[in-house]
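Text of input27.csv, listed as CSV, C-alpha atoms and all ligand atoms:
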chain,number,residue,atom,x,y,z
J,431,MET,CA,118.3,93.6,83.1
J,432,PHE,CA,115.9,96.0,81.4
J,433,ASP,CA,117.2,95.1,78.0
J,434,THR,CA,116.5,91.4,78.4
J,435,LEU,CA,112.8,92.0,79.1
J,436,GLN,CA,110.6,91.0,76.2
J,437,ASP,CA,107.0,91.5,77.1
J,438,ILE,CA,105.9,95.1,76.9
J,439,VAL,CA,103.7,96.9,79.4
J,440,ARG,CA,102.3,100.2,78.0
J,441,ILE,CA,101.5,103.0,80.4
J,442,ALA,CA,99.9,106.2,79.4
J,443,MET,CA,101.1,109.1,81.5
J,444,VAL,CA,98.7,111.9,81.4
J,445,GLY,CA,100.0,115.3,82.4
J,446,LYS,CA,101.3,118.7,81.4
J,447,TYR,CA,104.3,118.6,79.1
J,448,THR,CA,105.8,122.0,79.1
J,449,GLY,CA,109.2,120.6,80.0
J,450,LEU,CA,109.8,117.6,82.2
J,451,SER,CA,109.7,118.4,85.8
J,452,ASP,CA,111.7,116.5,88.5
J,453,SER,CA,108.6,115.0,89.9
J,454,TYR,CA,107.7,113.4,86.5
J,455,LEU,CA,111.2,111.9,86.4
J,456,SER,CA,110.6,110.3,89.8
J,457,VAL,CA,107.4,108.8,88.6
J,458,LEU,CA,109.1,107.5,85.5
J,459,LYS,CA,111.8,105.8,87.6
J,460,ALA,CA,109.2,104.3,89.9
J,461,LEU,CA,107.4,102.9,86.9
J,462,LEU,CA,110.6,101.4,85.7
J,463,HIS,CA,111.5,99.8,89.1
J,464,ALA,CA,108.0,98.2,89.2
J,465,SER,CA,108.2,97.0,85.6
J,466,VAL,CA,111.5,95.3,86.2
J,467,TYR,CA,110.0,93.7,89.3
J,468,CYS,CA,107.1,92.4,87.2
J,469,HIS,CA,109.5,91.3,84.3
J,470,ARG,CA,108.0,93.7,81.8
J,471,LYS,CA,109.6,96.1,79.4
J,472,LEU,CA,108.2,99.5,80.1
J,473,VAL,CA,106.9,101.7,77.4
J,474,VAL,CA,105.6,105.1,78.6
J,475,ASP,CA,103.3,107.0,76.2
J,476,TRP,CA,103.2,110.7,77.2
J,477,VAL,CA,99.8,112.1,76.7
J,478,ALA,CA,99.3,115.8,77.1
J,479,SER,CA,96.1,116.1,79.1
J,480,THR,CA,95.0,119.2,77.2
J,481,ASP,CA,95.0,117.1,74.0
J,482,LEU,CA,92.2,114.9,75.4
J,483,GLU,CA,89.9,117.8,75.9
J,484,ASP,CA,86.9,118.8,73.7
J,485,SER,CA,88.5,122.1,72.8
J,486,THR,CA,91.4,120.3,71.1
J,487,LYS,CA,89.0,118.3,69.1
J,488,ILE,CA,88.1,121.5,67.3
J,489,GLU,CA,91.4,123.4,67.4
J,490,ALA,CA,93.8,120.5,66.7
J,491,PRO,CA,91.8,117.4,65.7
J,492,ASP,CA,94.9,115.3,64.8
J,493,ALA,CA,96.4,115.9,68.3
J,494,TYR,CA,93.1,115.0,69.9
J,495,LYS,CA,92.9,111.8,67.9
J,496,ALA,CA,96.5,110.9,68.6
J,497,ALA,CA,96.1,111.5,72.3
J,498,TRP,CA,92.9,109.3,72.6
J,499,ASN,CA,94.6,106.6,70.5
J,500,LEU,CA,97.5,106.5,72.9
J,501,LEU,CA,95.2,106.4,75.9
J,502,LYS,CA,93.0,103.7,74.5
J,503,SER,CA,96.0,101.5,73.5
J,504,ALA,CA,97.6,101.7,77.0
J,505,ASP,CA,97.6,98.7,79.4
J,506,GLY,CA,97.4,101.1,82.3
J,507,ILE,CA,96.9,104.8,83.0
J,508,LEU,CA,98.8,107.0,85.4
J,509,VAL,CA,97.9,110.6,86.3
J,510,PRO,CA,100.7,112.2,88.3
J,511,GLY,CA,100.6,115.2,90.6
J,512,GLY,CA,100.4,118.8,89.5
J,513,PHE,CA,99.4,122.3,90.2
J,514,GLY,CA,97.4,124.8,88.2
J,515,ASP,CA,94.2,124.3,86.1
J,516,ARG,CA,95.6,123.8,82.6
J,517,GLY,CA,94.8,120.3,81.5
J,518,VAL,CA,92.7,119.4,84.5
J,519,GLN,CA,89.7,118.5,82.4
J,520,GLY,CA,91.8,116.1,80.4
J,521,LYS,CA,92.9,114.4,83.6
J,522,ILE,CA,89.3,114.0,84.6
J,523,LEU,CA,88.5,112.4,81.2
J,524,ALA,CA,91.5,110.0,81.6
J,525,ALA,CA,90.2,108.9,85.0
J,526,LYS,CA,86.7,108.5,83.6
J,527,TYR,CA,88.0,106.4,80.7
J,528,ALA,CA,89.9,104.2,83.1
J,529,ARG,CA,87.0,103.8,85.5
J,530,GLU,CA,84.4,103.0,82.9
J,531,ASN,CA,86.6,100.6,80.9
J,532,ASN,CA,88.2,98.7,83.9
J,533,VAL,CA,91.7,99.9,82.8
J,534,PRO,CA,94.2,100.0,85.7
J,535,TYR,CA,94.6,103.5,87.0
J,536,LEU,CA,97.0,105.1,89.5
J,537,GLY,CA,96.3,108.7,90.4
J,538,ILE,CA,98.9,110.5,92.4
J,539,CYS,CA,98.1,113.6,94.5
J,540,LEU,CA,96.3,115.8,91.8
J,541,GLY,CA,95.6,112.5,89.9
J,542,MET,CA,93.8,111.2,93.0
J,543,GLN,CA,91.9,114.5,93.5
J,544,MET,CA,90.7,114.5,89.9
J,545,ALA,CA,89.6,110.9,90.2
J,546,VAL,CA,87.4,112.0,93.1
J,547,VAL,CA,86.0,114.9,91.2
J,548,GLU,CA,85.3,112.6,88.2
J,549,PHE,CA,83.5,110.1,90.4
J,550,ALA,CA,81.4,112.8,92.0
J,551,ARG,CA,80.4,114.2,88.6
J,552,HIS,CA,79.7,111.1,86.7
J,553,VAL,CA,78.8,108.4,89.2
J,554,MET,CA,77.1,110.5,91.9
J,555,ASN,CA,75.5,112.9,89.4
J,556,LEU,CA,77.0,116.0,90.9
J,557,PRO,CA,77.9,118.1,87.7
J,558,HIS,CA,79.2,121.0,89.8
J,559,ALA,CA,81.7,118.9,91.7
J,560,ASN,CA,85.1,120.5,91.7
J,561,SER,CA,88.3,121.2,93.6
J,562,THR,CA,88.3,124.7,95.1
J,563,GLU,CA,91.8,125.0,93.6
J,564,PHE,CA,90.1,125.4,90.2
J,565,ASP,CA,86.8,126.9,91.2
J,566,PRO,CA,87.0,128.7,94.6
J,567,ASN,CA,83.2,129.0,94.5
J,568,ALA,CA,82.4,125.5,93.4
J,569,LYS,CA,78.8,124.5,94.3
J,570,THR,CA,79.9,121.0,95.2
J,571,PRO,CA,83.4,121.4,96.7
J,572,CYS,CA,84.6,117.8,96.9
J,573,VAL,CA,88.3,118.8,97.1
J,574,ILE,CA,89.0,121.7,99.4
J,575,PHE,CA,91.8,123.9,100.7
J,576,MET,CA,93.3,122.4,103.8
J,577,PRO,CA,92.1,124.2,106.9
J,578,GLU,CA,95.5,124.4,108.6
J,579,GLY,CA,97.0,126.1,105.5
J,580,SER,CA,97.0,129.7,104.8
J,581,LYS,CA,96.2,131.1,101.3
J,582,THR,CA,98.4,134.1,101.9
J,583,HIS,CA,101.6,132.2,102.7
J,584,MET,CA,101.8,129.6,99.9
J,585,GLY,CA,105.4,128.3,100.3
J,586,GLY,CA,105.3,127.7,104.0
J,587,THR,CA,101.9,126.1,104.4
J,588,MET,CA,102.1,123.2,102.0
J,589,ARG,CA,101.6,119.9,103.7
J,590,LEU,CA,105.0,118.5,103.1
J,591,GLY,CA,107.2,115.5,103.8
J,592,SER,CA,106.6,112.1,105.5
J,593,ARG,CA,103.2,111.5,107.1
J,594,ARG,CA,101.6,108.4,108.3
J,595,THR,CA,98.7,106.7,106.5
J,596,PHE,CA,96.6,104.2,108.4
J,597,PHE,CA,94.8,101.4,106.5
J,598,LYS,CA,91.1,101.3,107.3
J,599,VAL,CA,90.1,98.3,105.2
J,600,ALA,CA,92.2,95.2,105.8
J,601,ASP,CA,91.5,93.4,102.6
J,602,CYS,CA,91.9,96.2,100.1
J,603,LYS,CA,94.4,96.0,97.3
J,604,SER,CA,96.7,98.8,98.6
J,605,ALA,CA,97.0,97.3,102.1
J,606,LYS,CA,97.9,93.9,100.6
J,607,LEU,CA,100.5,95.5,98.3
J,608,TYR,CA,102.0,97.2,101.4
J,609,GLY,CA,102.4,93.7,103.0
J,610,ASN,CA,99.2,94.0,105.1
J,611,ALA,CA,100.7,96.8,107.1
J,612,ASP,CA,98.7,98.7,109.6
J,613,TYR,CA,100.2,101.9,108.4
J,614,VAL,CA,102.7,103.3,106.0
J,615,ASP,CA,104.8,106.5,105.9
J,616,GLU,CA,105.0,108.3,102.5
J,617,ARG,CA,105.9,111.7,101.4
J,618,HIS,CA,103.4,114.5,100.8
J,619,ARG,CA,103.3,117.7,98.9
J,620,HIS,CA,99.8,119.3,98.7
J,621,ARG,CA,97.6,122.1,99.8
J,622,TYR,CA,94.2,120.6,99.0
J,623,GLU,CA,92.4,117.5,100.3
J,624,VAL,CA,89.2,115.5,99.8
J,625,ASN,CA,86.3,117.2,101.6
J,626,PRO,CA,85.9,115.0,104.7
J,627,ASP,CA,82.2,116.0,105.0
J,628,MET,CA,81.5,114.3,101.6
J,629,VAL,CA,83.2,111.0,102.5
J,630,PRO,CA,80.0,109.1,103.6
J,631,GLU,CA,78.3,110.1,100.3
J,632,PHE,CA,81.3,108.9,98.3
J,633,GLU,CA,81.5,105.6,100.2
J,634,ASN,CA,77.8,104.9,99.7
J,635,ALA,CA,78.3,105.4,95.9
J,636,GLY,CA,81.2,102.9,95.8
J,637,LEU,CA,84.4,105.0,96.2
J,638,LYS,CA,86.3,103.8,99.3
J,639,PHE,CA,88.7,105.7,101.4
J,640,VAL,CA,90.9,102.9,102.5
J,641,GLY,CA,93.8,104.9,103.9
J,642,LYS,CA,93.5,108.0,106.2
J,643,ASP,CA,95.8,110.0,108.4
J,644,GLU,CA,95.8,109.8,112.2
J,645,SER,CA,92.9,112.2,112.6
J,646,ASP,CA,90.6,110.1,110.3
J,647,ARG,CA,89.6,113.3,108.6
J,648,ARG,CA,92.2,113.4,105.9
J,649,MET,CA,91.9,111.0,103.0
J,650,GLU,CA,95.1,109.4,101.9
J,651,ILE,CA,94.2,106.4,99.6
J,652,ILE,CA,91.1,105.8,97.4
J,653,GLU,CA,90.0,102.6,95.8
J,654,ILE,CA,87.1,101.3,93.7
J,655,PRO,CA,86.9,97.7,95.0
J,656,ASN,CA,84.9,96.3,92.0
J,657,HIS,CA,87.4,97.7,89.5
J,658,GLN,CA,90.5,95.6,88.5
J,659,TYR,CA,92.9,98.3,89.8
J,660,PHE,CA,91.7,101.9,90.5
J,661,ILE,CA,93.8,103.5,93.2
J,662,GLY,CA,94.6,107.1,94.1
J,663,ALA,CA,97.0,108.3,96.7
J,664,GLN,CA,97.2,111.8,98.2
J,665,PHE,CA,100.9,111.2,98.8
J,666,HIS,CA,103.7,110.6,96.3
J,667,PRO,CA,104.8,107.0,96.4
J,668,GLU,CA,107.3,107.6,93.6
J,669,PHE,CA,109.7,109.4,96.0
J,670,LYS,CA,110.5,106.3,98.0
J,671,SER,CA,110.8,103.8,95.1
J,672,ARG,CA,114.3,102.4,94.5
J,673,PRO,CA,115.5,99.9,91.9
J,674,ALA,CA,115.6,97.0,94.4
J,675,LYS,CA,112.6,98.4,96.4
J,676,PRO,CA,109.9,99.2,94.0
J,677,SER,CA,106.9,101.2,95.3
J,678,PRO,CA,104.0,98.9,96.2
J,679,LEU,CA,101.4,101.0,94.4
J,680,PHE,CA,103.5,101.2,91.3
J,681,VAL,CA,104.0,97.4,91.4
J,682,GLY,CA,100.2,97.1,91.7
J,683,LEU,CA,99.7,99.3,88.6
J,684,ILE,CA,102.2,97.4,86.5
J,685,ALA,CA,101.0,94.0,87.7
J,686,ALA,CA,97.4,94.8,86.9
J,687,SER,CA,98.4,96.2,83.5
J,688,SER,CA,100.2,93.0,82.7
J,689,GLY,CA,97.7,90.5,84.0
J,690,GLN,CA,99.7,89.6,87.1
J,691,LEU,CA,97.8,91.4,89.9
J,692,ASP,CA,96.2,88.3,91.4
J,693,LYS,CA,99.5,86.5,91.6
J,694,VAL,CA,101.2,89.5,93.2
J,695,LEU,CA,98.4,90.0,95.7
J,696,GLN,CA,98.4,86.3,96.5
J,697,GLY,CA,102.1,86.5,97.1
J,698,CYS,CA,101.6,89.5,99.4
J,699,SER,CA,99.2,87.6,101.6
J,700,ASN,CA,101.5,84.6,101.7
J,701,GLY,CA,104.1,86.8,103.3
J,702,HIS,CA,106.1,87.4,100.1
J,703,VAL,CA,106.1,91.1,100.4
J,704,ILE,CA,107.4,93.3,97.7
J,705,PRO,CA,111.0,94.2,98.5
J,706,GLY,CA,110.0,97.8,98.6
J,707,LYS,CA,107.8,97.2,101.7
J,708,HIS,CA,108.6,100.2,103.8
J,709,GLN,CA,110.3,100.2,107.1
J,710,PHE,CA,107.7,100.5,109.9
J,711,SER,CA,110.1,100.4,112.7
J,712,ASN,CA,110.3,104.2,113.0
J,713,GLY,CA,109.0,105.9,116.0
J,714,PRO,CA,107.2,109.2,115.9
J,715,TYR,CA,109.1,112.3,115.2
J,716,THR,CA,111.8,113.6,117.5
J,717,PRO,CA,113.7,116.7,116.5
J,718,ALA,CA,117.1,115.3,117.3
J,719,ALA,CA,116.5,112.1,115.3
J,720,HIS,CA,115.3,114.2,112.4
J,721,GLN,CA,118.2,116.6,112.4
J,722,ASN,CA,120.7,113.8,112.7
J,723,THR,CA,119.4,111.9,109.7
J,724,ASN,CA,119.2,114.8,107.2
J,725,GLY,CA,119.2,118.2,108.8
J,726,HIS,CA,116.5,119.7,106.6
J,727,ALA,CA,115.4,122.2,109.2
J,728,LYS,CA,113.2,124.1,106.8
J,729,LYS,CA,111.1,121.1,105.8
J,730,LEU,CA,111.0,120.1,109.4
J,731,ALA,CA,109.5,123.5,110.3
J,732,ASN,CA,106.8,123.1,107.7
J,733,GLY,CA,106.1,119.5,108.7
J,734,VAL,CA,105.6,120.3,112.4
J,735,ALA,CA,103.4,123.3,111.6
J,736,ASN,CA,101.0,121.0,109.7
J,737,GLY,CA,100.7,118.1,112.1
J,738,THR,CA,102.6,115.0,113.2
J,739,TYR,CA,105.8,114.4,111.3
J,740,TYR,CA,107.1,110.8,110.9
J,741,PRO,CA,110.7,110.5,109.7
J,742,ASN,CA,111.6,107.0,108.6
J,743,GLY,CA,115.2,107.2,107.9
J,744,ASN,CA,115.2,105.4,104.6
J,745,GLY,CA,115.6,108.1,102.0
J,746,VAL,CA,112.5,110.1,102.8
J,747,HIS,CA,114.1,113.3,101.8
J,748,ALA,CA,116.3,112.0,99.0
R,801,LIG,N1,101.4,117.6,94.3
R,801,LIG,C1,100.2,117.7,93.8
R,801,LIG,O1,99.7,117.0,93.0
R,801,LIG,C2,99.3,118.8,94.5
R,801,LIG,C3,97.9,118.7,94.1
R,801,LIG,C4,97.1,119.9,94.4
R,801,LIG,N2,97.5,121.0,93.5
R,801,LIG,C5,97.2,120.4,95.8
R,801,LIG,O2,97.9,121.3,96.1
R,801,LIG,O3,96.7,119.7,96.7
Would you give me this structure, written as structure tokens?
Ligand SMILES: NC(=O)CC[C@H](N)C(=O)O
Amino acid sequence: MFDTLQDIVRIAMVGKYTGLSDSYLSVLKALLHASVYCHRKLVVDWVASTDLEDSTKIEAPDAYKAAWNLLKSADGILVPGGFGDRGVQGKILAAKYARENNVPYLGICLGMQMAVVEFARHVMNLPHANSTEFDPNAKTPCVIFMPEGSKTHMGGTMRLGSRRTFFKVADCKSAKLYGNADYVDERHRHRYEVNPDMVPEFENAGLKFVGKDESDRRMEIIEIPNHQYFIGAQFHPEFKSRPAKPSPLFVGLIAASSGQLDKVLQGCSNGHVIPGKHQFSNGPYTPAAHQNTNGHAKKLANGVANGTYYPNGNGVHA
């Protein structure tokens, strides 16, 4: 199927490239599933985020030029999840470029958090905005350590696994892509989150938090409504993408990057949901159901410690 596709869609994937991690491979597969759905031949240009940074311009001007050329010739930009501060500035620059030039953008986990920092710095004029992951004493902490976590017990306190996101804005792009669902269960893996106290400021400036958790205090999906496709998710939609069930947010990215978003969104509101539309028939967590489906007791323990856990039985822990 892939080999018969002619029209190319070019996605710049901006990350750290010191060896491909499993999570990048999942993102790659999710891009592929969505591209086949949109009848496009996927070309992924790997852009090392450090190469976009000013320091590279001086130290390795050719790498800097090559990275920016790749970014600028992409139809869409994806910034995946990650940990550690190397290359973070480059991710912020990629989000800025996408936002300012109306280029489709999908930010996943760290890619969403950096889009929030970028928006604070350059739209809201808050030059000291940062995540406390990268500056624990940030003057404007717009991404903060999750209160229920513990800095001294890293492994066990990550917010992990399937959690529920409730759509707060009915006519936003992401809700439509998910088939106008009221909520969706997706997988998580993070320790930091958008500072809920800054949400009204962000929303007044035009960054909308269209998906939140059940507490309404944890931000799950961002959108810039007047941009062609600028979406960030705190969760990892790539983990539930399958060849015949592409992830809706990835379909949105590829559709926007190949001039098909309106058609896809129209299809969604006419009831033609993307085959990847997630199963919503799952009840809230029960230990027996969870253990019967996959038996990952360790993940279960983490999940329960950090709030409500929603198994959904369709490959959540695959
Ligand atoms: N998976 C990720 O991208 C994690 C993002 C960020 N490092 C956090 O812990 O919240």
message = Just checking: using all atoms listed in the file, which residue out of J:Ser456, J:Thr486, J:Thr595, J:Gln664 ends up closest to ligand LIG 801 (chain R)?
response =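 Distance minimum relative to ligand LIG 801 (chain R) lands on J:Gln664.
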task = Return as a ChimeraX atom specification the residues of protein, DNA or RNA that approach ligand LIG 801 (chain R) to within 12 Å, with all atoms listed in the file taken into account.
result = /J:445-446,451-454,509-516,518,521,537-544,561-564,573-576,579,581,584-585,587-591,617-625,649-650,662-669
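In terms of minimum interatomic distance to Tyr608 (chain J), J:Pro678 ranks closest within J:Pro678, J:Gly641, J:Pro705, J:Pro566, counting all atoms listed in the file.
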Shell of 9 Å around Ser699 (chain J), all atoms listed in the file, local chain residues under 5 positions omitted, as a short mmCIF file (atom, residue, chain, number, x, y, z; two decimals) with C-alpha atoms, keeping the file's coordinate frame:
data_model
loop_
_atom_site.label_atom_id
_atom_site.label_comp_id
_atom_site.auth_asym_id
_atom_site.auth_seq_id
_atom_site.Cartn_x
_atom_site.Cartn_y
_atom_site.Cartn_z
CA LYS J 606 97.90 93.90 100.60
CA LEU J 607 100.50 95.50 98.30
CA GLY J 609 102.40 93.70 103.00
CA ASN J 610 99.20 94.00 105.10
CA VAL J 694 101.20 89.50 93.20
#
request  = In the coordinate frame of the file, compute which residues have an atom within 12 Å of (119.0, 100.7, 92.9) when using all atoms listed in the file, and state them as a list in words.
outcome  =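 In the file's frame, the residues around the point are Lys459, Ala460, Leu462, His463, Ala464, Val466, Tyr467, Lys670, Ser671, Arg672, Pro673, Ala674, Lys675, Pro676, Pro705 and Gly706 of chain J.
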Asp612 (chain J) surroundings by only C-alpha atoms, 10 Å radius, close-in-sequence under 4 positions cut, as a PyMOL selection string = chain J and resi 595-600+605+608+641+710
request  = Take CA of Glu653 (chain J) and CA of Gly682 (chain J) and report the distance between them in Å, one decimal.
outcome  = 12.3 Å
inquiry  = Just the number, please: distance in Å from CA of Ala478 (chain J) to CA of Asp565 (chain J), one decimal.
reply    =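 Computed distance, CA of Ala478 (chain J) to CA of Asp565 (chain J), equals 21.9 Å.
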ask   = In Å to one decimal, how far is CA of Ala525 (chain J) from CA of Ala545 (chain J)?
value =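 Between CA of Ala545 (chain J) and CA of Ala525 (chain J) the gap works out to 5.6 Å.
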message = Residues within 12 Å of Asn634 (chain J), please, as an MDAnalysis selection string. Count only C-alpha atoms; anything in the same chain fewer than 3 positions from it doesn't count.
response = chainID J and resid 550 553:554 628:631 637:639 654
Grab the residues selected above and save them as a PDB file, keeping the file's coordinate frame with C-alpha atoms.
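The result, stored in result30.pdb:
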ATOM      1  CA  ALA J 550      81.400 112.800  92.000  1.00  0.00           C
ATOM      2  CA  VAL J 553      78.800 108.400  89.200  1.00  0.00           C
ATOM      3  CA  MET J 554      77.100 110.500  91.900  1.00  0.00           C
ATOM      4  CA  MET J 628      81.500 114.300 101.600  1.00  0.00           C
ATOM      5  CA  VAL J 629      83.200 111.000 102.500  1.00  0.00           C
ATOM      6  CA  PRO J 630      80.000 109.100 103.600  1.00  0.00           C
ATOM      7  CA  GLU J 631      78.300 110.100 100.300  1.00  0.00           C
ATOM      8  CA  LEU J 637      84.400 105.000  96.200  1.00  0.00           C
ATOM      9  CA  LYS J 638      86.300 103.800  99.300  1.00  0.00           C
ATOM     10  CA  PHE J 639      88.700 105.700 101.400  1.00  0.00           C
ATOM     11  CA  ILE J 654      87.100 101.300  93.700  1.00  0.00           C
TER      12      ILE J 654
END
Residue among J:Ala504, J:Leu455, J:Ala442, J:Ala493 lying closest to Asp475 (chain J), counting only C-alpha atoms = J:Ala442
inquiry  = If we count only C-alpha atoms and set the cut-off at 7 Å, which residues sit around Ser687 (chain J), ignoring sequence neighbours fewer than 3 positions away in its own chain? Please answer as a PyMOL selection string.
reply    = chain J and resi 439+505-506+534+683-684
query = Between J:Asn700, J:Met443, J:Ser592, J:Ser465, which one has atoms that come closest to Ala497 (chain J), using all atoms listed in the file?
reply =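 Residue with the minimum atom-to-atom distance to Ala497 (chain J): J:Met443.
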inquiry  = Around (89.9, 107.3, 71.8), as given in the file, which residues come within 12 Å? Count only C-alpha atoms and list them as a VMD selection string.
reply    = chain J and resid 481 to 483 487 491 to 504 523 to 524 527 to 528 531
task = Just the residues within 6 Å of region 468-472 of chain J, please, counting all atoms listed in the file, with nothing from its chain fewer than 4 positions along; format it as a ChimeraX atom specification.
result = /J:435,437-439
